[in-house]
Amino acid sequence: MFEDRTYKRTFYSAPQSVTSLVAAFLEPTIIVLAYIAISLEFDEPIQRPALTLCLLVFALTFPGRNRFRDNLIAAGVDIVTSWVTLLAILALCGYATFSFKYFEEQVLLAWAFVTPFLQWAAVWIGGRIVRASAAHPSNRRAAIIVGAGTLGVKVAKAIGGPESGIDFVGYFDDRTDGRVDAEAAGRRLGGLPEVADYVRVHGIREVFITLPLGSQPRIVELLEQVQGTTASLYFVPDVFGISIIQGRLQDMNGVPIVGICETPFTGANELVKRVSDVVLATIILVLISPLMLAIAIGVKLSSPGPVIFKQRRNGLDGEEITVYKFRSMTTQDNGSVVAQATKNDPRITRFGAFIRRTSLDELPQFINVLQGQMSIVGPRPHAVAHNEQYREIIKAYMVRHKVKPGITGWAQVNGHRGETETLDKMKARVEYDLEYLRNWSLGLDLQIIVRTIRLVFFDRHAY
């Protein structure tokens with residue numbers, strides 16, 4: 001029992017950074033103060049309904065997101081997305097409680113318009129302060145990396161940014177320059193026995209150990225030596241040999257576990273994704289129903305056969321689903337061997353070429369979205385025959401099935417749309433799909449949707 005309690009005390013959550021703490025209060029505070037200031041500007045008294053609204057908003061937005069290190073455009077998209085979502089929640093609450101009568105319309109409209117600009121300005125100012133603080137000599141920390149392999153180079157690139165506050169000095173490795181990573185060879189400072197003395201003499205503040213787990217005896221010996229200094233020690237496990245999806249450290253009844261491959265759509269994220277899919281798909285289907293009717297007529301008149309082409313594809317967790325498309329070919333390949341469409345493919349009808357080029361053949365898949373089989377944004381589903389082919393030859397290919405397939409995806413808006421006639425093209429498409437899984441956010445989904453609309457009108461390479 002004693003050992004178990006000691007083990008539990010050994011692992012704990014990292015303390016929150018100052019910037020994260022500031023961000024946690026900054027966003028809700030700006031929103032509340034903006035409402036108060038606008039109310040006063042319009043000579044509206046701050047009475048009980050207004051105070052109730054402020055408390056509700058603070059509760060819904062706390063803690064705020066830390067966007068100080070984000071790209072300003074990405075931060076702006078995220079701010080607007082979060083703000084529109086919050087306004088929709090407040091509107092539903094107001095409608096359900098008949099409380100709109102307690103608020104002036106002009107105050108609410110001004111508040112809805114001004115607040116995201118104030119948040120974006122705060123992010124811009126905060127980002128400049130963070131960068132200036134990190135650049136100040138008194139806040140810089142010297143760091144070394146033990147292990148001059150591929151992982152060591154990755155860590156050096158990760159910590160070497162101007163906003164990190166870290167000055168990377170060099171590598172230590174027992175191997176000669178010819179046996180370490182080429183990028184690290186020129187900055188190798190010595191071997192492992194020299195680490196502790198170097199740390200003491202040069203005032204190194206942080207030591208990152210990137211040695212493979214097979215070097216455990218050397219790691220233990222190194223830790224014993226370096227713990228005699230005041231440097232902070234970090235061990236970086238070598239998990240880059242596999243595709244990490246949503247990697248995170250979790251606590252399972254006191255036992256620390258590292259998540260290597262998880263879906264981004266769990267808990268609240270899953271709810272947000274599904275609600276956004278249902279709402280957008282419903283709106284889109286209502287708006288495009290006349291267009292779908294016209295396309296159906298065009299398909300029927302262009303060649304004999306059904307209007308809708310149904311194909312077996314793999315969906316979430318690899319389960320087989322039936323995907324709907326407007327038929328664009330004279331054949332309906334759906335067996336164990338499915339030939340991909342190629343340029344000037346004789347199977348494609350004249351009308352089919354048009355709806356494929358404009359992606360109009362994909363419109364029935366919004367029905368798949370409402371059925372819960374697909375999402376609006378996600379990795380494109382491949383035919384079952386293609387999945388069986390590529391899962392054996394492309395690393396981490398099946399990881400893309402950790403989420404529902406999409407009508408459009410990150411790969412498609414980055415030029416990987418249409419035929420993948422070479423293995424390298426399919427590998428590139430899969431890598432973009434995995435990148436989407438690693439970095440998913442509602443803002444990224446909206447960005448992909450906007451870029452897809454642009455492609456529909458301006459892409460001339462689809463067929």
# chains A, B, ... in the order shown; residues from 1 in each chain; ligands from 1

$ residues_around --residues "Phe103 (chain A)" --least-positions-apart "4" --cutoff "10 Å" --atoms "only C-alpha atoms" --output "number ranges by chain"
A: 39, 44, 49-50, 53, 99, 107-108

$ closest_atom_pairs --of "region 86-188 of chain A" --to "region 198-208 of chain A" --cutoff "12 Å" --atoms "only C-alpha atoms" --output "tab-separated table"
residue	atom	partner	partner_atom	distance
A:Asn139	CA	A:Arg205	CA	11.3
A:Arg140	CA	A:Arg205	CA	9.4
A:Arg141	CA	A:Arg205	CA	5.8
A:Ala142	CA	A:Ile204	CA	5.1
A:Ala143	CA	A:Glu206	CA	4.6
A:Ile144	CA	A:Val207	CA	5.2
A:Ile145	CA	A:Phe208	CA	4.7
A:Val146	CA	A:Phe208	CA	6.1
A:Gly147	CA	A:Phe208	CA	8.6
A:Ala148	CA	A:Phe208	CA	11.0
A:Leu151	CA	A:Phe208	CA	10.7
A:Gly152	CA	A:Phe208	CA	8.4
A:Val153	CA	A:Phe208	CA	11.2
A:Lys154	CA	A:Phe208	CA	11.5
A:Val155	CA	A:Phe208	CA	8.1
A:Ala156	CA	A:Phe208	CA	9.2
A:Ala158	CA	A:Phe208	CA	11.6
A:Ile159	CA	A:Phe208	CA	10.1
A:Gly165	CA	A:Glu206	CA	11.4
A:Ile166	CA	A:Glu206	CA	8.7
A:Asp167	CA	A:Ile204	CA	9.7
A:Phe168	CA	A:Glu206	CA	9.4
A:Val169	CA	A:Ile204	CA	8.7
A:Gly170	CA	A:Val207	CA	10.4
A:Tyr171	CA	A:Phe208	CA	9.6
A:Phe172	CA	A:Tyr198	CA	10.0

$ residues_around --residues "Leu285 (chain A)" --least-positions-apart "3" --cutoff "12 Å" --atoms "only C-alpha atoms" --output "PyMOL selection string"
chain A and resi 277-282+288-293+363-370

$ residues_around --residues "Phe351 (chain A)" --least-positions-apart "3" --cutoff "12 Å" --atoms "only C-alpha atoms" --output "ChimeraX atom specification"
/A:294-303,326-330,347-348,354-358,360-361,463

$ write_last_selection --atoms "N, CA and C atoms" --output "mmCIF file, in the first residue's frame"
data_model
loop_
_atom_site.group_PDB
_atom_site.id
_atom_site.type_symbol
_atom_site.label_atom_id
_atom_site.label_comp_id
_atom_site.auth_asym_id
_atom_site.auth_seq_id
_atom_site.Cartn_x
_atom_site.Cartn_y
_atom_site.Cartn_z
ATOM 1 N N ALA A 294 -33.137 18.713 -60.207
ATOM 2 C CA ALA A 294 -32.682 18.972 -61.576
ATOM 3 C C ALA A 294 -31.570 18.006 -61.967
ATOM 4 N N ILE A 295 -30.649 17.728 -61.045
ATOM 5 C CA ILE A 295 -29.558 16.797 -61.330
ATOM 6 C C ILE A 295 -30.106 15.390 -61.547
ATOM 7 N N ALA A 296 -31.081 15.000 -60.733
ATOM 8 C CA ALA A 296 -31.687 13.672 -60.878
ATOM 9 C C ALA A 296 -32.290 13.500 -62.266
ATOM 10 N N ILE A 297 -32.953 14.549 -62.745
ATOM 11 C CA ILE A 297 -33.542 14.498 -64.085
ATOM 12 C C ILE A 297 -32.438 14.387 -65.135
ATOM 13 N N GLY A 298 -31.368 15.155 -64.944
ATOM 14 C CA GLY A 298 -30.251 15.119 -65.882
ATOM 15 C C GLY A 298 -29.596 13.752 -65.948
ATOM 16 N N VAL A 299 -29.414 13.118 -64.797
ATOM 17 C CA VAL A 299 -28.818 11.779 -64.762
ATOM 18 C C VAL A 299 -29.708 10.784 -65.483
ATOM 19 N N LYS A 300 -31.015 10.873 -65.238
ATOM 20 C CA LYS A 300 -31.964 9.929 -65.831
ATOM 21 C C LYS A 300 -31.996 10.062 -67.344
ATOM 22 N N LEU A 301 -31.885 11.289 -67.843
ATOM 23 C CA LEU A 301 -31.954 11.518 -69.284
ATOM 24 C C LEU A 301 -30.617 11.232 -69.975
ATOM 25 N N SER A 302 -29.519 11.253 -69.229
ATOM 26 C CA SER A 302 -28.196 11.130 -69.840
ATOM 27 C C SER A 302 -27.847 9.713 -70.245
ATOM 28 N N SER A 303 -28.350 8.715 -69.505
ATOM 29 C CA SER A 303 -28.034 7.318 -69.813
ATOM 30 C C SER A 303 -28.968 6.415 -69.030
ATOM 31 N N PHE A 326 -24.954 10.680 -56.976
ATOM 32 C CA PHE A 326 -25.631 10.702 -58.260
ATOM 33 C C PHE A 326 -24.778 9.903 -59.243
ATOM 34 N N ARG A 327 -25.397 9.009 -59.974
ATOM 35 C CA ARG A 327 -24.654 8.163 -60.904
ATOM 36 C C ARG A 327 -24.041 9.014 -62.008
ATOM 37 N N SER A 328 -22.746 8.826 -62.235
ATOM 38 C CA SER A 328 -22.033 9.600 -63.257
ATOM 39 C C SER A 328 -21.406 8.708 -64.317
ATOM 40 N N MET A 329 -21.552 7.377 -64.164
ATOM 41 C CA MET A 329 -20.956 6.434 -65.100
ATOM 42 C C MET A 329 -22.024 5.516 -65.694
ATOM 43 N N THR A 330 -21.618 4.838 -66.752
ATOM 44 C CA THR A 330 -22.518 3.863 -67.350
ATOM 45 C C THR A 330 -22.476 2.542 -66.601
ATOM 46 N N ARG A 347 -16.166 5.309 -69.209
ATOM 47 C CA ARG A 347 -17.352 4.943 -68.435
ATOM 48 C C ARG A 347 -18.146 6.158 -67.990
ATOM 49 N N ILE A 348 -17.512 7.329 -67.964
ATOM 50 C CA ILE A 348 -18.164 8.543 -67.466
ATOM 51 C C ILE A 348 -19.027 9.157 -68.563
ATOM 52 N N PHE A 354 -19.709 16.480 -65.943
ATOM 53 C CA PHE A 354 -20.015 17.800 -65.383
ATOM 54 C C PHE A 354 -20.256 17.737 -63.884
ATOM 55 N N ILE A 355 -21.072 16.788 -63.420
ATOM 56 C CA ILE A 355 -21.387 16.748 -61.985
ATOM 57 C C ILE A 355 -20.196 16.245 -61.161
ATOM 58 N N ARG A 356 -19.299 15.475 -61.784
ATOM 59 C CA ARG A 356 -18.093 15.059 -61.071
ATOM 60 C C ARG A 356 -17.127 16.237 -60.941
ATOM 61 N N ARG A 357 -16.984 17.002 -62.016
ATOM 62 C CA ARG A 357 -16.060 18.134 -62.012
ATOM 63 C C ARG A 357 -16.474 19.179 -60.979
ATOM 64 N N THR A 358 -17.773 19.355 -60.804
ATOM 65 C CA THR A 358 -18.293 20.351 -59.861
ATOM 66 C C THR A 358 -18.645 19.759 -58.495
ATOM 67 N N LEU A 360 -21.012 17.935 -57.759
ATOM 68 C CA LEU A 360 -22.458 17.849 -57.530
ATOM 69 C C LEU A 360 -22.916 16.399 -57.354
ATOM 70 N N ASP A 361 -22.107 15.450 -57.828
ATOM 71 C CA ASP A 361 -22.489 14.045 -57.665
ATOM 72 C C ASP A 361 -22.450 13.615 -56.204
ATOM 73 N N TYR A 463 -12.272 15.196 -62.141
ATOM 74 C CA TYR A 463 -12.927 14.473 -63.238
ATOM 75 C C TYR A 463 -13.569 13.222 -62.692
#

$ select_by_dssp --residues "region 72-209 of chain A" --states "alpha helix (DSSP H)" --output "VMD selection string"
chain A and resid 72 to 97 105 to 135 150 to 159 182 to 185 195 to 202

$ closest_residue --among "A:Leu86, A:Ala59, A:Ile394, A:Ala34" --to "Phe117 (chain A)" --atoms "only C-alpha atoms"
A:Ala34

$ closest_atom_pairs --of "region 32-109 of chain A" --to "region 433-449 of chain A" --cutoff "7 Å" --atoms "only C-alpha atoms" --output "tab-separated table"
residue	atom	partner	partner_atom	distance
A:Val77	CA	A:Gly443	CA	6.1
A:Asp78	CA	A:Gly443	CA	5.4
A:Thr81	CA	A:Gly443	CA	6.3

$ select_by_dssp --residues "region 92-187 of chain A" --states "strand (DSSP E or B)" --output "VMD selection string"
chain A and resid 141 to 146 166 to 172

$ residues_around --residues "Arg175 (chain A)" --least-positions-apart "6" --cutoff "10 Å" --atoms "only C-alpha atoms" --output "PyMOL selection string"
chain A and resi 147-149+185+188+190-192

$ write_last_selection --atoms "N, CA and C atoms" --output "PDB file, in the first residue's frame"
ATOM      1  N   GLY A 147      20.877  12.838 -26.582  1.00  0.00           N
ATOM      2  CA  GLY A 147      20.377  11.963 -27.634  1.00  0.00           C
ATOM      3  C   GLY A 147      20.290  12.743 -28.926  1.00  0.00           C
ATOM      4  N   ALA A 148      21.181  12.435 -29.866  1.00  0.00           N
ATOM      5  CA  ALA A 148      21.253  13.203 -31.111  1.00  0.00           C
ATOM      6  C   ALA A 148      20.644  12.445 -32.279  1.00  0.00           C
ATOM      7  N   GLY A 149      19.588  11.690 -31.992  1.00  0.00           N
ATOM      8  CA  GLY A 149      18.891  10.975 -33.051  1.00  0.00           C
ATOM      9  C   GLY A 149      17.755  11.794 -33.617  1.00  0.00           C
ATOM     10  N   ALA A 185      24.617  16.453 -36.024  1.00  0.00           N
ATOM     11  CA  ALA A 185      26.050  16.171 -35.961  1.00  0.00           C
ATOM     12  C   ALA A 185      26.887  17.414 -35.677  1.00  0.00           C
ATOM     13  N   ARG A 188      26.854  18.565 -31.793  1.00  0.00           N
ATOM     14  CA  ARG A 188      27.117  17.605 -30.721  1.00  0.00           C
ATOM     15  C   ARG A 188      28.238  18.144 -29.843  1.00  0.00           C
ATOM     16  N   GLY A 190      29.400  16.564 -26.896  1.00  0.00           N
ATOM     17  CA  GLY A 190      30.168  15.558 -26.177  1.00  0.00           C
ATOM     18  C   GLY A 190      29.346  14.320 -25.910  1.00  0.00           C
ATOM     19  N   GLY A 191      29.884  13.426 -25.047  1.00  0.00           N
ATOM     20  CA  GLY A 191      29.198  12.196 -24.697  1.00  0.00           C
ATOM     21  C   GLY A 191      28.461  12.310 -23.378  1.00  0.00           C
ATOM     22  N   LEU A 192      27.768  11.234 -22.999  1.00  0.00           N
ATOM     23  CA  LEU A 192      26.941  11.236 -21.787  1.00  0.00           C
ATOM     24  C   LEU A 192      27.742  11.496 -20.514  1.00  0.00           C
TER      25      LEU A 192
END

$ atom_distance --atom1 "CA of Ala196 (chain A)" --atom2 "CA of Gln225 (chain A)"
5.9 Å

$ closest_residue --among "A:Ile393, A:Ile453, A:Ile38, A:Ile407" --to "Lys427 (chain A)" --atoms "only C-alpha atoms"
A:Ile393

$ residues_around --residues "Gly76 (chain A)" --least-positions-apart "4" --cutoff "8 Å" --atoms "only C-alpha atoms" --output "list in words"
Leu72, Val80 and Trp120 of chain A

$ closest_residue --among "A:Gln371, A:Asp43, A:Ile376, A:Tyr397" --to "Ile284 (chain A)" --atoms "only C-alpha atoms"
A:Ile376

$ residues_around --residues "Leu90 (chain A)" --least-positions-apart "6" --cutoff "12 Å" --atoms "only C-alpha atoms" --output "ChimeraX atom specification"
/A:52-54,56-57,60-61,83-84,96-100,108,112

$ closest_residue --among "A:Gly267, A:Gly186, A:Gly406, A:Pro379" --to "Val430 (chain A)" --atoms "only C-alpha atoms"
A:Pro379

$ closest_residue --among "A:Gln412, A:Ala184, A:Val114, A:Pro381" --to "Arg312 (chain A)" --atoms "only C-alpha atoms"
A:Pro381

$ atom_distance --atom1 "CA of Arg350 (chain A)" --atom2 "CA of His386 (chain A)"
25.7 Å

$ decode --residues "region 40-88 of chain A" --atoms "N, CA and C atoms" --output "compact mmCIF listing (two decimals), in the first residue's frame"
# COMPACT_ATOMS: atom_id res chain seq x y z
N LEU A 40 -24.01 50.93 -20.67
CA LEU A 40 -23.84 52.28 -20.15
C LEU A 40 -23.80 53.31 -21.28
N GLU A 41 -23.20 52.92 -22.42
CA GLU A 41 -23.13 53.82 -23.57
C GLU A 41 -24.54 54.15 -24.07
N PHE A 42 -25.45 53.19 -24.00
CA PHE A 42 -26.82 53.40 -24.43
C PHE A 42 -27.73 53.82 -23.27
N ASP A 43 -27.14 54.21 -22.16
CA ASP A 43 -27.87 54.68 -20.98
C ASP A 43 -28.85 53.63 -20.44
N GLU A 44 -28.46 52.37 -20.53
CA GLU A 44 -29.27 51.29 -19.99
C GLU A 44 -28.74 50.92 -18.61
N PRO A 45 -29.57 50.91 -17.59
CA PRO A 45 -29.10 50.56 -16.24
C PRO A 45 -28.77 49.07 -16.14
N ILE A 46 -27.79 48.76 -15.29
CA ILE A 46 -27.38 47.37 -15.07
C ILE A 46 -28.26 46.81 -13.96
N GLN A 47 -29.35 46.19 -14.33
CA GLN A 47 -30.27 45.65 -13.35
C GLN A 47 -30.15 44.12 -13.28
N ARG A 48 -31.08 43.50 -12.54
CA ARG A 48 -30.96 42.06 -12.26
C ARG A 48 -30.90 41.21 -13.54
N PRO A 49 -31.71 41.45 -14.57
CA PRO A 49 -31.59 40.62 -15.79
C PRO A 49 -30.20 40.72 -16.43
N ALA A 50 -29.64 41.95 -16.43
CA ALA A 50 -28.30 42.13 -17.01
C ALA A 50 -27.24 41.39 -16.20
N LEU A 51 -27.36 41.47 -14.87
CA LEU A 51 -26.40 40.76 -14.01
C LEU A 51 -26.53 39.25 -14.19
N THR A 52 -27.74 38.78 -14.35
CA THR A 52 -27.95 37.34 -14.59
C THR A 52 -27.30 36.91 -15.89
N LEU A 53 -27.47 37.74 -16.93
CA LEU A 53 -26.85 37.44 -18.22
C LEU A 53 -25.33 37.41 -18.09
N CYS A 54 -24.77 38.38 -17.37
CA CYS A 54 -23.31 38.43 -17.21
C CYS A 54 -22.79 37.19 -16.47
N LEU A 55 -23.49 36.78 -15.43
CA LEU A 55 -23.07 35.58 -14.69
C LEU A 55 -23.17 34.33 -15.56
N LEU A 56 -24.22 34.25 -16.37
CA LEU A 56 -24.39 33.10 -17.26
C LEU A 56 -23.27 33.06 -18.30
N VAL A 57 -22.97 34.19 -18.88
CA VAL A 57 -21.92 34.26 -19.89
C VAL A 57 -20.57 33.90 -19.29
N PHE A 58 -20.28 34.42 -18.11
CA PHE A 58 -19.00 34.11 -17.48
C PHE A 58 -18.89 32.61 -17.22
N ALA A 59 -19.97 32.00 -16.75
CA ALA A 59 -19.95 30.56 -16.47
C ALA A 59 -19.76 29.75 -17.75
N LEU A 60 -20.36 30.19 -18.86
CA LEU A 60 -20.26 29.44 -20.10
C LEU A 60 -18.92 29.60 -20.79
N THR A 61 -18.22 30.68 -20.52
CA THR A 61 -16.96 30.94 -21.23
C THR A 61 -15.72 30.72 -20.38
N PHE A 62 -15.90 30.41 -19.10
CA PHE A 62 -14.74 30.17 -18.24
C PHE A 62 -14.42 28.68 -18.21
N PRO A 63 -13.15 28.28 -18.34
CA PRO A 63 -11.98 29.12 -18.61
C PRO A 63 -11.86 29.47 -20.09
N GLY A 64 -11.29 30.63 -20.37
CA GLY A 64 -11.11 31.05 -21.75
C GLY A 64 -9.96 30.31 -22.42
N ARG A 65 -9.97 30.32 -23.74
CA ARG A 65 -8.92 29.65 -24.52
C ARG A 65 -7.65 30.48 -24.52
N ASN A 66 -6.50 29.79 -24.48
CA ASN A 66 -5.21 30.46 -24.60
C ASN A 66 -4.83 30.53 -26.07
N ARG A 67 -5.03 31.72 -26.68
CA ARG A 67 -4.75 31.89 -28.11
C ARG A 67 -3.55 32.80 -28.36
N PHE A 68 -2.78 33.11 -27.32
CA PHE A 68 -1.71 34.09 -27.47
C PHE A 68 -0.62 33.65 -28.44
N ARG A 69 -0.45 32.35 -28.61
CA ARG A 69 0.59 31.86 -29.52
C ARG A 69 0.02 31.40 -30.86
N ASP A 70 -1.28 31.59 -31.07
CA ASP A 70 -1.91 31.17 -32.31
C ASP A 70 -1.67 32.18 -33.42
N ASN A 71 -1.74 31.70 -34.65
CA ASN A 71 -1.77 32.58 -35.80
C ASN A 71 -3.00 33.48 -35.69
N LEU A 72 -2.85 34.77 -36.01
CA LEU A 72 -3.94 35.72 -35.80
C LEU A 72 -5.18 35.38 -36.62
N ILE A 73 -4.99 34.86 -37.83
CA ILE A 73 -6.15 34.49 -38.64
C ILE A 73 -6.87 33.30 -38.01
N ALA A 74 -6.09 32.28 -37.61
CA ALA A 74 -6.68 31.11 -36.96
C ALA A 74 -7.38 31.50 -35.67
N ALA A 75 -6.75 32.41 -34.91
CA ALA A 75 -7.37 32.87 -33.66
C ALA A 75 -8.67 33.59 -33.94
N GLY A 76 -8.70 34.41 -35.01
CA GLY A 76 -9.92 35.11 -35.37
C GLY A 76 -11.05 34.18 -35.73
N VAL A 77 -10.74 33.14 -36.51
CA VAL A 77 -11.76 32.15 -36.90
C VAL A 77 -12.30 31.44 -35.66
N ASP A 78 -11.39 31.07 -34.75
CA ASP A 78 -11.79 30.37 -33.54
C ASP A 78 -12.66 31.26 -32.64
N ILE A 79 -12.29 32.53 -32.53
CA ILE A 79 -13.05 33.47 -31.71
C ILE A 79 -14.47 33.63 -32.26
N VAL A 80 -14.58 33.84 -33.57
CA VAL A 80 -15.89 34.03 -34.18
C VAL A 80 -16.75 32.77 -34.04
N THR A 81 -16.14 31.61 -34.26
CA THR A 81 -16.88 30.35 -34.13
C THR A 81 -17.41 30.16 -32.72
N SER A 82 -16.55 30.38 -31.74
CA SER A 82 -16.96 30.22 -30.34
C SER A 82 -18.03 31.24 -29.96
N TRP A 83 -17.89 32.45 -30.46
CA TRP A 83 -18.82 33.53 -30.12
C TRP A 83 -20.20 33.27 -30.73
N VAL A 84 -20.23 32.84 -31.98
CA VAL A 84 -21.52 32.53 -32.62
C VAL A 84 -22.21 31.38 -31.90
N THR A 85 -21.43 30.38 -31.50
CA THR A 85 -22.00 29.26 -30.75
C THR A 85 -22.60 29.73 -29.42
N LEU A 86 -21.88 30.60 -28.73
CA LEU A 86 -22.37 31.13 -27.46
C LEU A 86 -23.65 31.94 -27.66
N LEU A 87 -23.67 32.77 -28.69
CA LEU A 87 -24.88 33.58 -28.97
C LEU A 87 -26.08 32.68 -29.27
N ALA A 88 -25.84 31.58 -29.98
CA ALA A 88 -26.93 30.66 -30.29
C ALA A 88 -27.49 30.04 -29.00
